[in-house]
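Chemist: For reference, the file run26.cif (mmCIF, N, CA and C atoms) is included below:
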data_entry
loop_
_atom_site.label_atom_id
_atom_site.label_comp_id
_atom_site.auth_asym_id
_atom_site.auth_seq_id
_atom_site.Cartn_x
_atom_site.Cartn_y
_atom_site.Cartn_z
N MET A 1 14.21 7.18 -28.33
CA MET A 1 14.74 8.34 -27.67
C MET A 1 13.82 8.69 -26.51
N GLY A 2 14.39 9.01 -25.37
CA GLY A 2 13.61 9.33 -24.19
C GLY A 2 12.89 10.65 -24.32
N SER A 3 11.85 10.82 -23.49
CA SER A 3 11.06 12.05 -23.59
C SER A 3 11.87 13.29 -23.26
N TYR A 4 12.84 13.18 -22.35
CA TYR A 4 13.69 14.33 -22.05
C TYR A 4 14.47 14.76 -23.28
N GLN A 5 15.07 13.81 -23.97
CA GLN A 5 15.83 14.13 -25.18
C GLN A 5 14.93 14.71 -26.26
N GLU A 6 13.73 14.13 -26.42
CA GLU A 6 12.80 14.64 -27.42
C GLU A 6 12.42 16.07 -27.12
N HIS A 7 12.12 16.36 -25.85
CA HIS A 7 11.76 17.72 -25.45
C HIS A 7 12.92 18.68 -25.67
N ALA A 8 14.13 18.24 -25.34
CA ALA A 8 15.30 19.09 -25.51
C ALA A 8 15.50 19.43 -26.98
N LEU A 9 15.30 18.47 -27.87
CA LEU A 9 15.46 18.73 -29.30
C LEU A 9 14.34 19.61 -29.85
N GLU A 10 13.12 19.41 -29.34
CA GLU A 10 11.99 20.22 -29.81
C GLU A 10 12.16 21.68 -29.45
N SER A 11 12.78 21.97 -28.32
CA SER A 11 12.93 23.35 -27.87
C SER A 11 14.30 23.95 -28.22
N ALA A 12 15.11 23.21 -28.95
CA ALA A 12 16.47 23.67 -29.28
C ALA A 12 16.44 24.68 -30.43
N SER A 13 17.39 25.59 -30.38
CA SER A 13 17.56 26.54 -31.48
C SER A 13 18.23 25.82 -32.66
N ALA A 14 18.26 26.50 -33.80
CA ALA A 14 18.91 25.92 -34.98
C ALA A 14 20.38 25.62 -34.71
N VAL A 15 21.05 26.52 -34.02
CA VAL A 15 22.47 26.32 -33.70
C VAL A 15 22.63 25.11 -32.78
N GLU A 16 21.77 25.00 -31.79
CA GLU A 16 21.84 23.85 -30.86
C GLU A 16 21.60 22.53 -31.58
N LEU A 17 20.72 22.55 -32.57
CA LEU A 17 20.47 21.33 -33.35
C LEU A 17 21.70 20.95 -34.17
N VAL A 18 22.36 21.93 -34.77
CA VAL A 18 23.58 21.63 -35.54
C VAL A 18 24.66 21.10 -34.62
N VAL A 19 24.79 21.69 -33.44
CA VAL A 19 25.77 21.19 -32.46
C VAL A 19 25.44 19.75 -32.08
N ALA A 20 24.17 19.45 -31.88
CA ALA A 20 23.76 18.08 -31.55
C ALA A 20 24.11 17.12 -32.69
N LEU A 21 23.93 17.56 -33.93
CA LEU A 21 24.29 16.72 -35.07
C LEU A 21 25.80 16.50 -35.14
N TYR A 22 26.59 17.56 -34.89
CA TYR A 22 28.04 17.41 -34.85
C TYR A 22 28.43 16.42 -33.75
N ASP A 23 27.79 16.55 -32.59
CA ASP A 23 28.07 15.60 -31.50
C ASP A 23 27.77 14.17 -31.93
N GLY A 24 26.70 14.00 -32.69
CA GLY A 24 26.36 12.67 -33.20
C GLY A 24 27.42 12.13 -34.14
N ILE A 25 27.92 12.99 -35.04
CA ILE A 25 28.98 12.56 -35.95
C ILE A 25 30.19 12.09 -35.14
N ILE A 26 30.58 12.89 -34.17
CA ILE A 26 31.75 12.56 -33.35
C ILE A 26 31.52 11.24 -32.61
N ARG A 27 30.35 11.09 -32.01
CA ARG A 27 30.02 9.86 -31.28
C ARG A 27 30.09 8.64 -32.20
N PHE A 28 29.52 8.75 -33.41
CA PHE A 28 29.53 7.62 -34.34
C PHE A 28 30.94 7.32 -34.85
N LEU A 29 31.76 8.34 -35.03
CA LEU A 29 33.14 8.10 -35.46
C LEU A 29 33.94 7.39 -34.38
N TYR A 30 33.74 7.76 -33.12
CA TYR A 30 34.41 7.04 -32.05
C TYR A 30 33.87 5.61 -31.92
N ALA A 31 32.58 5.43 -32.19
CA ALA A 31 32.01 4.07 -32.20
C ALA A 31 32.64 3.25 -33.33
N ALA A 32 32.85 3.87 -34.48
CA ALA A 32 33.52 3.18 -35.60
C ALA A 32 34.95 2.82 -35.22
N THR A 33 35.63 3.74 -34.53
CA THR A 33 37.00 3.47 -34.07
C THR A 33 37.03 2.25 -33.17
N ALA A 34 36.12 2.21 -32.21
CA ALA A 34 36.06 1.07 -31.28
C ALA A 34 35.73 -0.22 -32.03
N ALA A 35 34.83 -0.13 -33.01
CA ALA A 35 34.46 -1.32 -33.78
C ALA A 35 35.65 -1.86 -34.58
N VAL A 36 36.43 -0.95 -35.17
CA VAL A 36 37.63 -1.38 -35.91
C VAL A 36 38.59 -2.08 -34.96
N GLU A 37 38.78 -1.52 -33.78
CA GLU A 37 39.70 -2.10 -32.80
C GLU A 37 39.24 -3.48 -32.34
N ARG A 38 37.91 -3.69 -32.28
CA ARG A 38 37.35 -4.98 -31.87
C ARG A 38 37.28 -5.98 -33.02
N GLY A 39 37.48 -5.48 -34.24
CA GLY A 39 37.31 -6.35 -35.40
C GLY A 39 35.85 -6.56 -35.76
N ASP A 40 34.99 -5.65 -35.34
CA ASP A 40 33.55 -5.73 -35.57
C ASP A 40 33.20 -5.01 -36.87
N GLU A 41 33.23 -5.74 -37.97
CA GLU A 41 32.99 -5.17 -39.29
C GLU A 41 31.59 -4.57 -39.41
N ALA A 42 30.58 -5.28 -38.93
CA ALA A 42 29.21 -4.78 -39.02
C ALA A 42 29.03 -3.51 -38.19
N GLY A 43 29.59 -3.49 -36.99
CA GLY A 43 29.51 -2.31 -36.14
C GLY A 43 30.20 -1.12 -36.77
N ARG A 44 31.33 -1.36 -37.40
CA ARG A 44 32.06 -0.29 -38.08
C ARG A 44 31.22 0.29 -39.21
N ARG A 45 30.66 -0.59 -40.03
CA ARG A 45 29.85 -0.12 -41.17
C ARG A 45 28.66 0.70 -40.70
N ILE A 46 27.98 0.23 -39.67
CA ILE A 46 26.81 0.94 -39.16
C ILE A 46 27.20 2.32 -38.63
N ALA A 47 28.26 2.38 -37.83
CA ALA A 47 28.68 3.65 -37.24
C ALA A 47 29.14 4.64 -38.31
N VAL A 48 29.91 4.17 -39.27
CA VAL A 48 30.39 5.04 -40.35
C VAL A 48 29.21 5.53 -41.18
N LYS A 49 28.27 4.65 -41.48
CA LYS A 49 27.09 5.05 -42.26
C LYS A 49 26.30 6.12 -41.53
N ARG A 50 26.13 5.98 -40.24
CA ARG A 50 25.35 6.97 -39.50
C ARG A 50 26.06 8.32 -39.47
N ALA A 51 27.38 8.32 -39.31
CA ALA A 51 28.13 9.58 -39.34
C ALA A 51 27.99 10.23 -40.73
N MET A 52 28.11 9.44 -41.76
CA MET A 52 28.02 9.97 -43.12
C MET A 52 26.59 10.44 -43.43
N ASP A 53 25.59 9.75 -42.92
CA ASP A 53 24.21 10.19 -43.11
C ASP A 53 23.98 11.58 -42.51
N ILE A 54 24.57 11.83 -41.35
CA ILE A 54 24.42 13.15 -40.73
C ILE A 54 25.09 14.21 -41.59
N ILE A 55 26.28 13.92 -42.09
CA ILE A 55 26.97 14.88 -42.94
C ILE A 55 26.16 15.16 -44.20
N ILE A 56 25.60 14.13 -44.81
CA ILE A 56 24.76 14.32 -45.99
C ILE A 56 23.56 15.21 -45.65
N HIS A 57 22.95 14.96 -44.50
CA HIS A 57 21.81 15.76 -44.06
C HIS A 57 22.22 17.23 -43.89
N LEU A 58 23.33 17.46 -43.21
CA LEU A 58 23.79 18.84 -43.01
C LEU A 58 24.06 19.53 -44.35
N GLN A 59 24.72 18.83 -45.25
CA GLN A 59 25.04 19.41 -46.56
C GLN A 59 23.77 19.72 -47.34
N ALA A 60 22.81 18.82 -47.29
CA ALA A 60 21.56 19.02 -48.03
C ALA A 60 20.75 20.20 -47.52
N ARG A 61 20.93 20.55 -46.25
CA ARG A 61 20.16 21.65 -45.65
C ARG A 61 20.81 23.02 -45.81
N LEU A 62 22.01 23.06 -46.38
CA LEU A 62 22.66 24.36 -46.59
C LEU A 62 21.88 25.16 -47.63
N ARG A 63 21.74 26.43 -47.36
CA ARG A 63 21.06 27.33 -48.30
C ARG A 63 22.08 28.30 -48.86
N MET A 64 22.62 27.94 -50.02
CA MET A 64 23.65 28.75 -50.64
C MET A 64 23.14 30.15 -50.99
N ASP A 65 21.86 30.25 -51.35
CA ASP A 65 21.30 31.56 -51.72
C ASP A 65 21.23 32.51 -50.53
N VAL A 66 21.14 31.97 -49.33
CA VAL A 66 21.06 32.80 -48.12
C VAL A 66 22.41 32.87 -47.42
N GLY A 67 23.12 31.76 -47.39
CA GLY A 67 24.34 31.65 -46.60
C GLY A 67 25.60 32.22 -47.23
N GLY A 68 25.60 32.37 -48.55
CA GLY A 68 26.76 32.94 -49.22
C GLY A 68 28.06 32.17 -48.97
N ARG A 69 29.13 32.93 -48.72
CA ARG A 69 30.47 32.32 -48.53
C ARG A 69 30.53 31.36 -47.34
N PRO A 70 29.91 31.69 -46.18
CA PRO A 70 29.95 30.71 -45.08
C PRO A 70 29.29 29.38 -45.46
N ALA A 71 28.19 29.43 -46.19
CA ALA A 71 27.53 28.20 -46.62
C ALA A 71 28.42 27.43 -47.58
N GLN A 72 29.11 28.14 -48.47
CA GLN A 72 30.03 27.49 -49.40
C GLN A 72 31.18 26.82 -48.64
N ALA A 73 31.71 27.53 -47.64
CA ALA A 73 32.80 26.96 -46.83
C ALA A 73 32.32 25.71 -46.09
N LEU A 74 31.11 25.76 -45.54
CA LEU A 74 30.57 24.57 -44.86
C LEU A 74 30.37 23.43 -45.85
N SER A 75 29.88 23.74 -47.03
CA SER A 75 29.69 22.71 -48.05
C SER A 75 31.01 22.01 -48.37
N GLU A 76 32.05 22.81 -48.53
CA GLU A 76 33.37 22.24 -48.81
C GLU A 76 33.88 21.42 -47.63
N PHE A 77 33.65 21.91 -46.41
CA PHE A 77 34.05 21.18 -45.21
C PHE A 77 33.32 19.84 -45.14
N TYR A 78 32.01 19.85 -45.35
CA TYR A 78 31.24 18.60 -45.30
C TYR A 78 31.69 17.62 -46.38
N ALA A 79 31.97 18.12 -47.59
CA ALA A 79 32.44 17.24 -48.66
C ALA A 79 33.79 16.63 -48.30
N THR A 80 34.67 17.44 -47.72
CA THR A 80 35.98 16.94 -47.31
C THR A 80 35.84 15.90 -46.20
N MET A 81 35.00 16.19 -45.20
CA MET A 81 34.82 15.23 -44.11
C MET A 81 34.21 13.93 -44.61
N PHE A 82 33.26 14.01 -45.53
CA PHE A 82 32.66 12.81 -46.10
C PHE A 82 33.74 11.95 -46.75
N SER A 83 34.58 12.59 -47.55
CA SER A 83 35.66 11.88 -48.24
C SER A 83 36.65 11.29 -47.25
N GLN A 84 37.02 12.07 -46.25
CA GLN A 84 37.98 11.60 -45.24
C GLN A 84 37.43 10.42 -44.45
N ILE A 85 36.16 10.50 -44.07
CA ILE A 85 35.54 9.40 -43.31
C ILE A 85 35.50 8.14 -44.16
N LEU A 86 35.14 8.30 -45.42
CA LEU A 86 35.10 7.15 -46.32
C LEU A 86 36.47 6.49 -46.42
N GLN A 87 37.51 7.29 -46.58
CA GLN A 87 38.87 6.76 -46.67
C GLN A 87 39.35 6.18 -45.35
N ALA A 88 38.93 6.78 -44.25
CA ALA A 88 39.43 6.39 -42.93
C ALA A 88 38.66 5.24 -42.31
N SER A 89 37.57 4.85 -42.92
CA SER A 89 36.66 3.92 -42.26
C SER A 89 37.26 2.56 -41.92
N GLN A 90 38.39 2.21 -42.49
CA GLN A 90 39.03 0.93 -42.19
C GLN A 90 40.07 1.02 -41.09
N SER A 91 40.39 2.24 -40.66
CA SER A 91 41.48 2.45 -39.71
C SER A 91 40.97 3.12 -38.44
N ALA A 92 41.23 2.51 -37.29
CA ALA A 92 40.79 3.08 -36.02
C ALA A 92 41.43 4.44 -35.79
N SER A 93 42.71 4.57 -36.06
CA SER A 93 43.38 5.85 -35.79
C SER A 93 42.87 6.95 -36.71
N LEU A 94 42.58 6.61 -37.97
CA LEU A 94 42.07 7.62 -38.89
C LEU A 94 40.63 8.01 -38.57
N CYS A 95 39.81 7.05 -38.12
CA CYS A 95 38.44 7.38 -37.68
C CYS A 95 38.50 8.33 -36.50
N ALA A 96 39.38 8.04 -35.57
CA ALA A 96 39.53 8.91 -34.39
C ALA A 96 40.01 10.29 -34.81
N GLU A 97 40.89 10.38 -35.78
CA GLU A 97 41.37 11.68 -36.27
C GLU A 97 40.23 12.47 -36.91
N CYS A 98 39.35 11.81 -37.66
CA CYS A 98 38.19 12.48 -38.23
C CYS A 98 37.28 13.01 -37.11
N ALA A 99 37.11 12.23 -36.07
CA ALA A 99 36.29 12.68 -34.93
C ALA A 99 36.91 13.91 -34.29
N ARG A 100 38.23 13.91 -34.11
CA ARG A 100 38.90 15.07 -33.52
C ARG A 100 38.77 16.29 -34.42
N CYS A 101 38.81 16.09 -35.72
CA CYS A 101 38.66 17.19 -36.67
C CYS A 101 37.25 17.80 -36.55
N MET A 102 36.25 16.95 -36.45
CA MET A 102 34.88 17.45 -36.27
C MET A 102 34.76 18.22 -34.95
N ALA A 103 35.38 17.70 -33.92
CA ALA A 103 35.31 18.36 -32.61
C ALA A 103 35.98 19.73 -32.65
N ARG A 104 37.10 19.83 -33.35
CA ARG A 104 37.81 21.12 -33.47
C ARG A 104 37.04 22.12 -34.31
N SER A 105 36.12 21.64 -35.14
CA SER A 105 35.41 22.52 -36.06
C SER A 105 34.41 23.42 -35.35
N GLY A 106 34.22 23.19 -34.06
CA GLY A 106 33.35 24.11 -33.31
C GLY A 106 32.17 23.47 -32.65
N ALA A 107 32.06 22.17 -32.71
CA ALA A 107 30.92 21.52 -32.09
C ALA A 107 31.04 21.58 -30.58
#
Would you mind writing the structure in this file as structure tokens?

Modeler:
Amino acid sequence: MGSYQEHALESASAVELVVALYDGIIRFLYAATAAVERGDEAGRRIAVKRAMDIIIHLQARLRMDVGGRPAQALSEFYATMFSQILQASQSASLCAECARCMARSGA
């Protein structure tokens, strides 16, 4: 990662970091879509894994004791997205739909 990106992440607020992670999920899902279209099995697996890793990270960082109902709603959203990405990982159109869903979620 370049020094500009590192500096931007170091000075980012918590909300900006979450937005950056959502952007990463979307980017990896579109990369998975392109890999499926190319027939690139390894590229698809790598991109899907990276998107799912980010979702796992976001879910693990939720603080239910502090966040209450919004944290619970996010937990359910992340669990649903994880499941949808897993099911969609073989289909370019479904990967793209998961990316659009993440984008609509507020990223």

Chemist: Take the PyMOL selection byres (((chain A and resi 25-34 and name CA) around 7) and name CA), apply it to the structure above, and return the hits as a list in words.

Modeler: Leu21, Tyr22, Asp23, Gly24, Ala35, Val36, Glu37, Arg38, Gly43, Arg44, Ala47, Val48, Arg50, Ala51, Ile54, Ala92, Cys95, Ala96, Ala99, Met102 and Ala103 of chain A

Chemist: Take the residues from that selection and put them in a file with N, CA and C atoms, as an mmCIF file, keeping the file's coordinate frame.

Modeler:
data_model
loop_
_atom_site.group_PDB
_atom_site.id
_atom_site.type_symbol
_atom_site.label_atom_id
_atom_site.label_comp_id
_atom_site.auth_asym_id
_atom_site.auth_seq_id
_atom_site.Cartn_x
_atom_site.Cartn_y
_atom_site.Cartn_z
ATOM 1 N N LEU A 21 23.930 17.560 -33.930
ATOM 2 C CA LEU A 21 24.290 16.720 -35.070
ATOM 3 C C LEU A 21 25.800 16.500 -35.140
ATOM 4 N N TYR A 22 26.590 17.560 -34.890
ATOM 5 C CA TYR A 22 28.040 17.410 -34.850
ATOM 6 C C TYR A 22 28.430 16.420 -33.750
ATOM 7 N N ASP A 23 27.790 16.550 -32.590
ATOM 8 C CA ASP A 23 28.070 15.600 -31.500
ATOM 9 C C ASP A 23 27.770 14.170 -31.930
ATOM 10 N N GLY A 24 26.700 14.000 -32.690
ATOM 11 C CA GLY A 24 26.360 12.670 -33.200
ATOM 12 C C GLY A 24 27.420 12.130 -34.140
ATOM 13 N N ALA A 35 34.830 -0.130 -33.010
ATOM 14 C CA ALA A 35 34.460 -1.320 -33.780
ATOM 15 C C ALA A 35 35.650 -1.860 -34.580
ATOM 16 N N VAL A 36 36.430 -0.950 -35.170
ATOM 17 C CA VAL A 36 37.630 -1.380 -35.910
ATOM 18 C C VAL A 36 38.590 -2.080 -34.960
ATOM 19 N N GLU A 37 38.780 -1.520 -33.780
ATOM 20 C CA GLU A 37 39.700 -2.100 -32.800
ATOM 21 C C GLU A 37 39.240 -3.480 -32.340
ATOM 22 N N ARG A 38 37.910 -3.690 -32.280
ATOM 23 C CA ARG A 38 37.350 -4.980 -31.870
ATOM 24 C C ARG A 38 37.280 -5.980 -33.020
ATOM 25 N N GLY A 43 29.590 -3.490 -36.990
ATOM 26 C CA GLY A 43 29.510 -2.310 -36.140
ATOM 27 C C GLY A 43 30.200 -1.120 -36.770
ATOM 28 N N ARG A 44 31.330 -1.360 -37.400
ATOM 29 C CA ARG A 44 32.060 -0.290 -38.080
ATOM 30 C C ARG A 44 31.220 0.290 -39.210
ATOM 31 N N ALA A 47 28.260 2.380 -37.830
ATOM 32 C CA ALA A 47 28.680 3.650 -37.240
ATOM 33 C C ALA A 47 29.140 4.640 -38.310
ATOM 34 N N VAL A 48 29.910 4.170 -39.270
ATOM 35 C CA VAL A 48 30.390 5.040 -40.350
ATOM 36 C C VAL A 48 29.210 5.530 -41.180
ATOM 37 N N ARG A 50 26.130 5.980 -40.240
ATOM 38 C CA ARG A 50 25.350 6.970 -39.500
ATOM 39 C C ARG A 50 26.060 8.320 -39.470
ATOM 40 N N ALA A 51 27.380 8.320 -39.310
ATOM 41 C CA ALA A 51 28.130 9.580 -39.340
ATOM 42 C C ALA A 51 27.990 10.230 -40.730
ATOM 43 N N ILE A 54 24.570 11.830 -41.350
ATOM 44 C CA ILE A 54 24.420 13.150 -40.730
ATOM 45 C C ILE A 54 25.090 14.210 -41.590
ATOM 46 N N ALA A 92 41.230 2.510 -37.290
ATOM 47 C CA ALA A 92 40.790 3.080 -36.020
ATOM 48 C C ALA A 92 41.430 4.440 -35.790
ATOM 49 N N CYS A 95 39.810 7.050 -38.120
ATOM 50 C CA CYS A 95 38.440 7.380 -37.680
ATOM 51 C C CYS A 95 38.500 8.330 -36.500
ATOM 52 N N ALA A 96 39.380 8.040 -35.570
ATOM 53 C CA ALA A 96 39.530 8.910 -34.390
ATOM 54 C C ALA A 96 40.010 10.290 -34.810
ATOM 55 N N ALA A 99 37.110 12.230 -36.070
ATOM 56 C CA ALA A 99 36.290 12.680 -34.930
ATOM 57 C C ALA A 99 36.910 13.910 -34.290
ATOM 58 N N MET A 102 36.250 16.950 -36.450
ATOM 59 C CA MET A 102 34.880 17.450 -36.270
ATOM 60 C C MET A 102 34.760 18.220 -34.950
ATOM 61 N N ALA A 103 35.380 17.700 -33.920
ATOM 62 C CA ALA A 103 35.310 18.360 -32.610
ATOM 63 C C ALA A 103 35.980 19.730 -32.650
#

Chemist: Can you tell me how far CA of Gln72 (chain A) sits from CA of His57 (chain A), in Å to one decimal?

Modeler: 15.3 Å

Chemist: Provide the atom N of Gln59 (chain A) to atom C of Glu76 (chain A) distance in Å, to one decimal place.

Modeler: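 Separation between atom N of Gln59 (chain A) and atom C of Glu76 (chain A): 9.8 Å.
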
Chemist: To verify the selection step, state as a PyMOL selection string which residues the PyMOL selection byres (((chain A and resi 81 and name CA) around 9) and name CA) yields on this input.

Modeler: chain A and resi 52+55+76-80+82-86+98+101-102

Chemist: Could you tell me how far CA of Gln90 (chain A) lies from CA of Ala60 (chain A), in Å and to one decimal?

Modeler: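 Between CA of Gln90 (chain A) and CA of Ala60 (chain A) the gap works out to 25.8 Å.
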